There are 2 protein chains.
Amino acid sequence: MKQNIYDHPEFFHQYQKLRQAPNNYNNLLEQPALKSLLPNLSNFKILDIGCGMGEFAYFCIENNAQHVTAIDVSKNMLEIAQREHSHPNIDYYLQAIEDYDAAPDSFDCITSSLSLHYIKDFNAVIGKIARMLRPGSIFVFSVEHPIVTARKTMEDNWIYDDSGTMSHYAIDNYHDEGLRERTWFVDGVVKYHRSISTIINTLIAHDLTIEEMLEPLPNSQAIEKLPSLEKEHRRPSFLLIRARK
Amino acid sequence: MKQNIYDHPEFFHQYQKLRQAPNNYNNLLEQPALKSLLPNLSNFKILDIGCGMGEFAYFCIENNAQHVTAIDVSKNMLEIAQREHSHPNIDYYLQAIEDYDAAPDSFDCITSSLSLHYIKDFNAVIGKIARMLRPGSIFVFSVEHPIVTARKTMEDNWIYDDSGTMSHYAIDNYHDEGLRERTWFVDGVVKYHRSISTIINTLIAHDLTIEEMLEPLPNSQAIEKLPSLEKEHRRPSFLLIRARK
């Protein structure tokens, strides 16, 4: 999480272009899945980890949350958040979850969209999240799917046959957890791969009860807008979990 | 489950040879993982679904279970079970789980080793299992890992490069749940693929709480006995879950 690729000028330029296109994987696939896992947010105090440009924090306020604490490690992202999604009931902080702390039982819901695969010490962060949740409340998060993060090579995991047809998706190194260096707009984007059982068992070890797991599929309107989403039927890009303290 | 490949003469001959070798995937990888998930079985009434040759039912009695109801669809398997693992406190029945029934809260533990991927209606069977478990008791099972069952082709999922080196494992058709026809000793072995989220959410829908998930790895002694187990680091063969009613 302390990696801050989002403040790399070339990366950020490319990332903004991607996210400004309305038809991207986040808007069409990941965000609808994440929102489907949310409880009723009325009067909730929420912590959003890796808030990025603040769209989700703003969504929470629009859905009657009382207050959102939104943290991110990227100055670039938070500048946009402050500009485009500022609200008296949202506090944006330039901070990594590893360095953030709040009193036990501070939040009615904690969320994180596609940021926990940047975290090195998953166990410590989940322990902190569990402590900050009030009993009975909900933790909802998405990560890149372990099927996608597993393979160590920098090559494309989609394998093509001689005729140029996409033959299958490549998986490897599944149990070799840890650092994965990828090229995503720029070289050297660093992520952490963890197995599904590590993710599940870490939540359970911190007394979080698994309530639902999603490996989201696009609906037909989404595929019409972004045909590459069809590939989600062949292997999932994202893993989402709702867990209750 | 009603498929009964184990009574196919050629299949059964080959399967027996495989299982009689002490160094196989079941003995070295799957069974140790399954047993690690068991509660203390003392005085327990146990239902073992897909009991095969009865080794596991006998193990339960050796570990102080009061009684094991052991069911299987294969006459061949049950003949061996009766011959090699008979015990006054084990009842073997030639029956599919789909056709079996018991009063609610009948069992202190329900187990199933590598049989639920033969089940067509997973939801109905999990519902039945949840009903037959007494409140607070445990369901432990293993299945072939969804990463392994996903791809629809009959070809080997291990992909080799031109030099004959194992390059990666192929996954595809992940969200296309249902029938998979495979060649395993003989043609036409039928299994059912389900996504991890379907497995998890089905358990939860029947009020079973996920307590632990395993994607087992071999230890170094196991790899010494059966070097091909090394591949488990690259992709998991099995998925195991302990859930509590």
# chains A, B, ... in the order shown; residues from 1 in each chain; ligands from 1

call {"tool": "closest_atom_pairs", "arguments": {"of": "chain A", "to": "chain B", "cutoff": "9 Å", "atoms": "only C-alpha atoms", "output": "CSV"}}
result
residue,atom,partner,partner_atom,distance
A:Ile147,CA,B:Ile147,CA,8.3
A:Ala150,CA,B:Arg234,CA,8.7
A:Arg151,CA,B:His168,CA,8.6
A:Ile159,CA,B:Ala170,CA,8.8
A:Ser167,CA,B:Asp172,CA,8.5
A:His168,CA,B:Asp172,CA,5.5
A:Tyr169,CA,B:Ile171,CA,5.2
A:Ala170,CA,B:Ala170,CA,5.0
A:Ile171,CA,B:Tyr169,CA,5.2
A:Asp172,CA,B:Arg234,CA,4.7
A:Asn173,CA,B:Arg234,CA,4.2
A:Tyr174,CA,B:Arg234,CA,5.1
A:His175,CA,B:His233,CA,5.0
A:Asp176,CA,B:His233,CA,6.8
A:Ser195,CA,B:Glu215,CA,8.4
A:Ile196,CA,B:Glu215,CA,8.4
A:Ser197,CA,B:Met213,CA,5.3
A:Thr198,CA,B:Met213,CA,8.2
A:Ile200,CA,B:Met213,CA,7.0
A:Asn201,CA,B:Glu212,CA,5.8
A:Ile204,CA,B:Glu211,CA,6.7
A:Ala205,CA,B:Glu211,CA,8.9
A:Thr209,CA,B:Thr209,CA,7.3
A:Ile210,CA,B:Ile210,CA,6.7
A:Glu211,CA,B:Ile204,CA,6.7
A:Glu212,CA,B:Asn201,CA,5.8
A:Met213,CA,B:Ser197,CA,5.3
A:Leu214,CA,B:Ser197,CA,5.8
A:Glu215,CA,B:Ser197,CA,6.5
A:Leu217,CA,B:His175,CA,8.1
A:Glu232,CA,B:His175,CA,7.8
A:His233,CA,B:His175,CA,5.0
A:Arg234,CA,B:Asn173,CA,4.2
A:Arg235,CA,B:Tyr174,CA,5.2
A:Pro236,CA,B:Tyr174,CA,7.4
A:Leu239,CA,B:Ser197,CA,8.9

call {"tool": "select_by_dssp", "arguments": {"residues": "stretch 37-75 of chain B", "states": "strand (DSSP E)", "output": "PyMOL selection string"}}
result
chain B and resi 45-49+67-72

call {"tool": "write_last_selection", "arguments": {"atoms": "N, CA and C atoms", "output": "CSV table (one decimal), in the first residue's frame"}}
result
chain,number,residue,atom,x,y,z
B,45,LYS,N,-21.4,-39.4,16.2
B,45,LYS,CA,-22.1,-40.1,15.2
B,45,LYS,C,-21.8,-39.4,13.9
B,46,ILE,N,-21.2,-40.1,12.9
B,46,ILE,CA,-20.6,-39.5,11.7
B,46,ILE,C,-21.3,-40.1,10.5
B,47,LEU,N,-21.6,-39.2,9.5
B,47,LEU,CA,-22.0,-39.6,8.2
B,47,LEU,C,-20.8,-39.3,7.2
B,48,ASP,N,-20.4,-40.4,6.5
B,48,ASP,CA,-19.3,-40.2,5.5
B,48,ASP,C,-19.9,-40.5,4.1
B,49,ILE,N,-19.9,-39.4,3.3
B,49,ILE,CA,-20.6,-39.4,2.0
B,49,ILE,C,-19.5,-39.8,0.9
B,67,HIS,N,-20.1,-44.1,16.0
B,67,HIS,CA,-20.8,-44.8,14.9
B,67,HIS,C,-20.5,-44.0,13.6
B,68,VAL,N,-20.3,-44.8,12.6
B,68,VAL,CA,-20.2,-44.1,11.2
B,68,VAL,C,-21.2,-44.8,10.3
B,69,THR,N,-22.0,-43.9,9.7
B,69,THR,CA,-22.9,-44.3,8.6
B,69,THR,C,-22.1,-43.9,7.3
B,70,ALA,N,-21.7,-45.0,6.5
B,70,ALA,CA,-20.9,-44.7,5.4
B,70,ALA,C,-21.6,-45.1,4.1
B,71,ILE,N,-21.8,-44.2,3.2
B,71,ILE,CA,-22.6,-44.4,2.0
B,71,ILE,C,-21.7,-44.3,0.7
B,72,ASP,N,-22.0,-45.1,-0.3
B,72,ASP,CA,-21.3,-44.9,-1.5
B,72,ASP,C,-22.2,-45.5,-2.6

call {"tool": "residues_around", "arguments": {"residues": "stretch 4-8 of chain B", "least_positions_apart": "3", "cutoff": "12 Å", "atoms": "only C-alpha atoms", "output": "number ranges by chain"}}
result
B: 1, 11-16, 50, 52-53, 72-79, 94-96, 115, 118-119, 181-191

call {"tool": "atom_distance", "arguments": {"atom1": "atom CA of A:Leu41", "atom2": "atom CA of A:Glu62"}}
result
9.6 Å

call {"tool": "closest_residue", "arguments": {"among": "A:Asn64, A:Asn40, A:Ser86, A:Gln31", "to": "A:Ser113", "atoms": "only C-alpha atoms"}}
result
A:Gln31

call {"tool": "atom_distance", "arguments": {"atom1": "atom CA of B:Leu29", "atom2": "atom CA of A:Glu177"}}
result
19.7 Å

call {"tool": "residues_around", "arguments": {"residues": "stretch 23-25 of chain A", "least_positions_apart": "5", "cutoff": "8 Å", "atoms": "only C-alpha atoms", "output": "list in words"}}
result
Leu18, Glu30, Lys225, Leu226 and Leu229 of chain A

call {"tool": "decode", "arguments": {"residues": "stretch 24-64 of chain B", "atoms": "N, CA and C atoms", "output": "PDB file, in the first residue's frame"}}
result
ATOM      1  N   ASN B  24       0.196 -42.012  -3.155  1.00  0.00           N
ATOM      2  CA  ASN B  24      -0.710 -41.377  -4.108  1.00  0.00           C
ATOM      3  C   ASN B  24      -1.193 -40.040  -3.548  1.00  0.00           C
ATOM      4  N   TYR B  25      -1.867 -39.285  -4.397  1.00  0.00           N
ATOM      5  CA  TYR B  25      -2.322 -37.946  -4.001  1.00  0.00           C
ATOM      6  C   TYR B  25      -3.260 -37.983  -2.799  1.00  0.00           C
ATOM      7  N   ASN B  26      -4.073 -39.025  -2.720  1.00  0.00           N
ATOM      8  CA  ASN B  26      -4.991 -39.108  -1.583  1.00  0.00           C
ATOM      9  C   ASN B  26      -4.232 -39.275  -0.269  1.00  0.00           C
ATOM     10  N   ASN B  27      -3.359 -40.270  -0.227  1.00  0.00           N
ATOM     11  CA  ASN B  27      -2.661 -40.571   1.029  1.00  0.00           C
ATOM     12  C   ASN B  27      -1.695 -39.469   1.446  1.00  0.00           C
ATOM     13  N   LEU B  28      -1.052 -38.862   0.468  1.00  0.00           N
ATOM     14  CA  LEU B  28       0.026 -37.922   0.802  1.00  0.00           C
ATOM     15  C   LEU B  28      -0.446 -36.473   0.911  1.00  0.00           C
ATOM     16  N   LEU B  29      -1.562 -36.163   0.306  1.00  0.00           N
ATOM     17  CA  LEU B  29      -1.974 -34.748   0.241  1.00  0.00           C
ATOM     18  C   LEU B  29      -3.404 -34.522   0.749  1.00  0.00           C
ATOM     19  N   GLU B  30      -4.350 -35.223   0.156  1.00  0.00           N
ATOM     20  CA  GLU B  30      -5.751 -34.915   0.448  1.00  0.00           C
ATOM     21  C   GLU B  30      -6.180 -35.409   1.817  1.00  0.00           C
ATOM     22  N   GLN B  31      -5.833 -36.654   2.140  1.00  0.00           N
ATOM     23  CA  GLN B  31      -6.269 -37.199   3.430  1.00  0.00           C
ATOM     24  C   GLN B  31      -5.635 -36.475   4.629  1.00  0.00           C
ATOM     25  N   PRO B  32      -4.327 -36.195   4.602  1.00  0.00           N
ATOM     26  CA  PRO B  32      -3.772 -35.431   5.735  1.00  0.00           C
ATOM     27  C   PRO B  32      -4.464 -34.075   5.914  1.00  0.00           C
ATOM     28  N   ALA B  33      -4.791 -33.417   4.787  1.00  0.00           N
ATOM     29  CA  ALA B  33      -5.473 -32.115   4.877  1.00  0.00           C
ATOM     30  C   ALA B  33      -6.872 -32.292   5.465  1.00  0.00           C
ATOM     31  N   LEU B  34      -7.598 -33.288   4.964  1.00  0.00           N
ATOM     32  CA  LEU B  34      -8.957 -33.539   5.467  1.00  0.00           C
ATOM     33  C   LEU B  34      -8.929 -33.831   6.968  1.00  0.00           C
ATOM     34  N   LYS B  35      -8.010 -34.684   7.372  1.00  0.00           N
ATOM     35  CA  LYS B  35      -7.934 -35.058   8.792  1.00  0.00           C
ATOM     36  C   LYS B  35      -7.543 -33.871   9.670  1.00  0.00           C
ATOM     37  N   SER B  36      -6.732 -32.964   9.115  1.00  0.00           N
ATOM     38  CA  SER B  36      -6.321 -31.786   9.898  1.00  0.00           C
ATOM     39  C   SER B  36      -7.503 -30.864  10.203  1.00  0.00           C
ATOM     40  N   LEU B  37      -8.575 -31.012   9.424  1.00  0.00           N
ATOM     41  CA  LEU B  37      -9.751 -30.147   9.624  1.00  0.00           C
ATOM     42  C   LEU B  37     -10.782 -30.757  10.576  1.00  0.00           C
ATOM     43  N   LEU B  38     -10.580 -32.016  10.961  1.00  0.00           N
ATOM     44  CA  LEU B  38     -11.580 -32.702  11.786  1.00  0.00           C
ATOM     45  C   LEU B  38     -11.570 -32.197  13.226  1.00  0.00           C
ATOM     46  N   PRO B  39     -12.734 -32.161  13.840  1.00  0.00           N
ATOM     47  CA  PRO B  39     -12.774 -31.935  15.291  1.00  0.00           C
ATOM     48  C   PRO B  39     -12.406 -33.238  16.002  1.00  0.00           C
ATOM     49  N   ASN B  40     -12.313 -33.205  17.308  1.00  0.00           N
ATOM     50  CA  ASN B  40     -12.178 -34.431  18.103  1.00  0.00           C
ATOM     51  C   ASN B  40     -13.448 -35.261  17.891  1.00  0.00           C
ATOM     52  N   LEU B  41     -13.284 -36.503  17.453  1.00  0.00           N
ATOM     53  CA  LEU B  41     -14.442 -37.305  17.028  1.00  0.00           C
ATOM     54  C   LEU B  41     -15.028 -38.164  18.158  1.00  0.00           C
ATOM     55  N   SER B  42     -14.498 -38.047  19.337  1.00  0.00           N
ATOM     56  CA  SER B  42     -14.913 -38.922  20.448  1.00  0.00           C
ATOM     57  C   SER B  42     -16.426 -38.925  20.631  1.00  0.00           C
ATOM     58  N   ASN B  43     -16.982 -40.121  20.572  1.00  0.00           N
ATOM     59  CA  ASN B  43     -18.419 -40.344  20.774  1.00  0.00           C
ATOM     60  C   ASN B  43     -19.302 -39.720  19.703  1.00  0.00           C
ATOM     61  N   PHE B  44     -18.724 -39.358  18.598  1.00  0.00           N
ATOM     62  CA  PHE B  44     -19.502 -38.725  17.528  1.00  0.00           C
ATOM     63  C   PHE B  44     -20.230 -39.761  16.683  1.00  0.00           C
ATOM     64  N   LYS B  45     -21.417 -39.366  16.224  1.00  0.00           N
ATOM     65  CA  LYS B  45     -22.105 -40.080  15.154  1.00  0.00           C
ATOM     66  C   LYS B  45     -21.774 -39.358  13.852  1.00  0.00           C
ATOM     67  N   ILE B  46     -21.204 -40.114  12.917  1.00  0.00           N
ATOM     68  CA  ILE B  46     -20.645 -39.504  11.707  1.00  0.00           C
ATOM     69  C   ILE B  46     -21.336 -40.054  10.464  1.00  0.00           C
ATOM     70  N   LEU B  47     -21.571 -39.175   9.504  1.00  0.00           N
ATOM     71  CA  LEU B  47     -22.001 -39.610   8.162  1.00  0.00           C
ATOM     72  C   LEU B  47     -20.844 -39.343   7.205  1.00  0.00           C
ATOM     73  N   ASP B  48     -20.387 -40.397   6.516  1.00  0.00           N
ATOM     74  CA  ASP B  48     -19.322 -40.231   5.524  1.00  0.00           C
ATOM     75  C   ASP B  48     -19.918 -40.470   4.133  1.00  0.00           C
ATOM     76  N   ILE B  49     -19.906 -39.405   3.327  1.00  0.00           N
ATOM     77  CA  ILE B  49     -20.555 -39.445   1.999  1.00  0.00           C
ATOM     78  C   ILE B  49     -19.519 -39.802   0.938  1.00  0.00           C
ATOM     79  N   GLY B  50     -19.753 -40.863   0.207  1.00  0.00           N
ATOM     80  CA  GLY B  50     -18.772 -41.330  -0.778  1.00  0.00           C
ATOM     81  C   GLY B  50     -17.620 -42.020  -0.080  1.00  0.00           C
ATOM     82  N   CYS B  51     -17.955 -43.021   0.729  1.00  0.00           N
ATOM     83  CA  CYS B  51     -16.982 -43.616   1.663  1.00  0.00           C
ATOM     84  C   CYS B  51     -15.948 -44.478   0.956  1.00  0.00           C
ATOM     85  N   GLY B  52     -16.210 -44.870  -0.304  1.00  0.00           N
ATOM     86  CA  GLY B  52     -15.240 -45.673  -1.038  1.00  0.00           C
ATOM     87  C   GLY B  52     -14.927 -46.971  -0.321  1.00  0.00           C
ATOM     88  N   MET B  53     -13.646 -47.224  -0.141  1.00  0.00           N
ATOM     89  CA  MET B  53     -13.211 -48.508   0.424  1.00  0.00           C
ATOM     90  C   MET B  53     -13.210 -48.513   1.952  1.00  0.00           C
ATOM     91  N   GLY B  54     -13.741 -47.445   2.551  1.00  0.00           N
ATOM     92  CA  GLY B  54     -13.975 -47.472   3.995  1.00  0.00           C
ATOM     93  C   GLY B  54     -12.790 -47.128   4.873  1.00  0.00           C
ATOM     94  N   GLU B  55     -11.671 -46.709   4.263  1.00  0.00           N
ATOM     95  CA  GLU B  55     -10.499 -46.363   5.110  1.00  0.00           C
ATOM     96  C   GLU B  55     -10.835 -45.232   6.082  1.00  0.00           C
ATOM     97  N   PHE B  56     -11.534 -44.216   5.564  1.00  0.00           N
ATOM     98  CA  PHE B  56     -11.802 -43.050   6.402  1.00  0.00           C
ATOM     99  C   PHE B  56     -12.817 -43.384   7.497  1.00  0.00           C
ATOM    100  N   ALA B  57     -13.839 -44.175   7.155  1.00  0.00           N
ATOM    101  CA  ALA B  57     -14.821 -44.590   8.178  1.00  0.00           C
ATOM    102  C   ALA B  57     -14.106 -45.334   9.305  1.00  0.00           C
ATOM    103  N   TYR B  58     -13.191 -46.207   8.912  1.00  0.00           N
ATOM    104  CA  TYR B  58     -12.441 -46.978   9.908  1.00  0.00           C
ATOM    105  C   TYR B  58     -11.550 -46.058  10.749  1.00  0.00           C
ATOM    106  N   PHE B  59     -10.942 -45.085  10.088  1.00  0.00           N
ATOM    107  CA  PHE B  59     -10.119 -44.085  10.802  1.00  0.00           C
ATOM    108  C   PHE B  59     -10.952 -43.380  11.879  1.00  0.00           C
ATOM    109  N   CYS B  60     -12.198 -43.068  11.550  1.00  0.00           N
ATOM    110  CA  CYS B  60     -13.069 -42.376  12.519  1.00  0.00           C
ATOM    111  C   CYS B  60     -13.299 -43.256  13.746  1.00  0.00           C
ATOM    112  N   ILE B  61     -13.555 -44.536  13.515  1.00  0.00           N
ATOM    113  CA  ILE B  61     -13.767 -45.463  14.644  1.00  0.00           C
ATOM    114  C   ILE B  61     -12.487 -45.587  15.474  1.00  0.00           C
ATOM    115  N   GLU B  62     -11.353 -45.691  14.786  1.00  0.00           N
ATOM    116  CA  GLU B  62     -10.070 -45.742  15.512  1.00  0.00           C
ATOM    117  C   GLU B  62      -9.850 -44.479  16.345  1.00  0.00           C
ATOM    118  N   ASN B  63     -10.488 -43.387  15.916  1.00  0.00           N
ATOM    119  CA  ASN B  63     -10.359 -42.132  16.657  1.00  0.00           C
ATOM    120  C   ASN B  63     -11.592 -41.871  17.531  1.00  0.00           C
ATOM    121  N   ASN B  64     -12.168 -42.992  18.006  1.00  0.00           N
ATOM    122  CA  ASN B  64     -13.169 -42.963  19.082  1.00  0.00           C
ATOM    123  C   ASN B  64     -14.552 -42.462  18.691  1.00  0.00           C
TER     124      ASN B  64
END
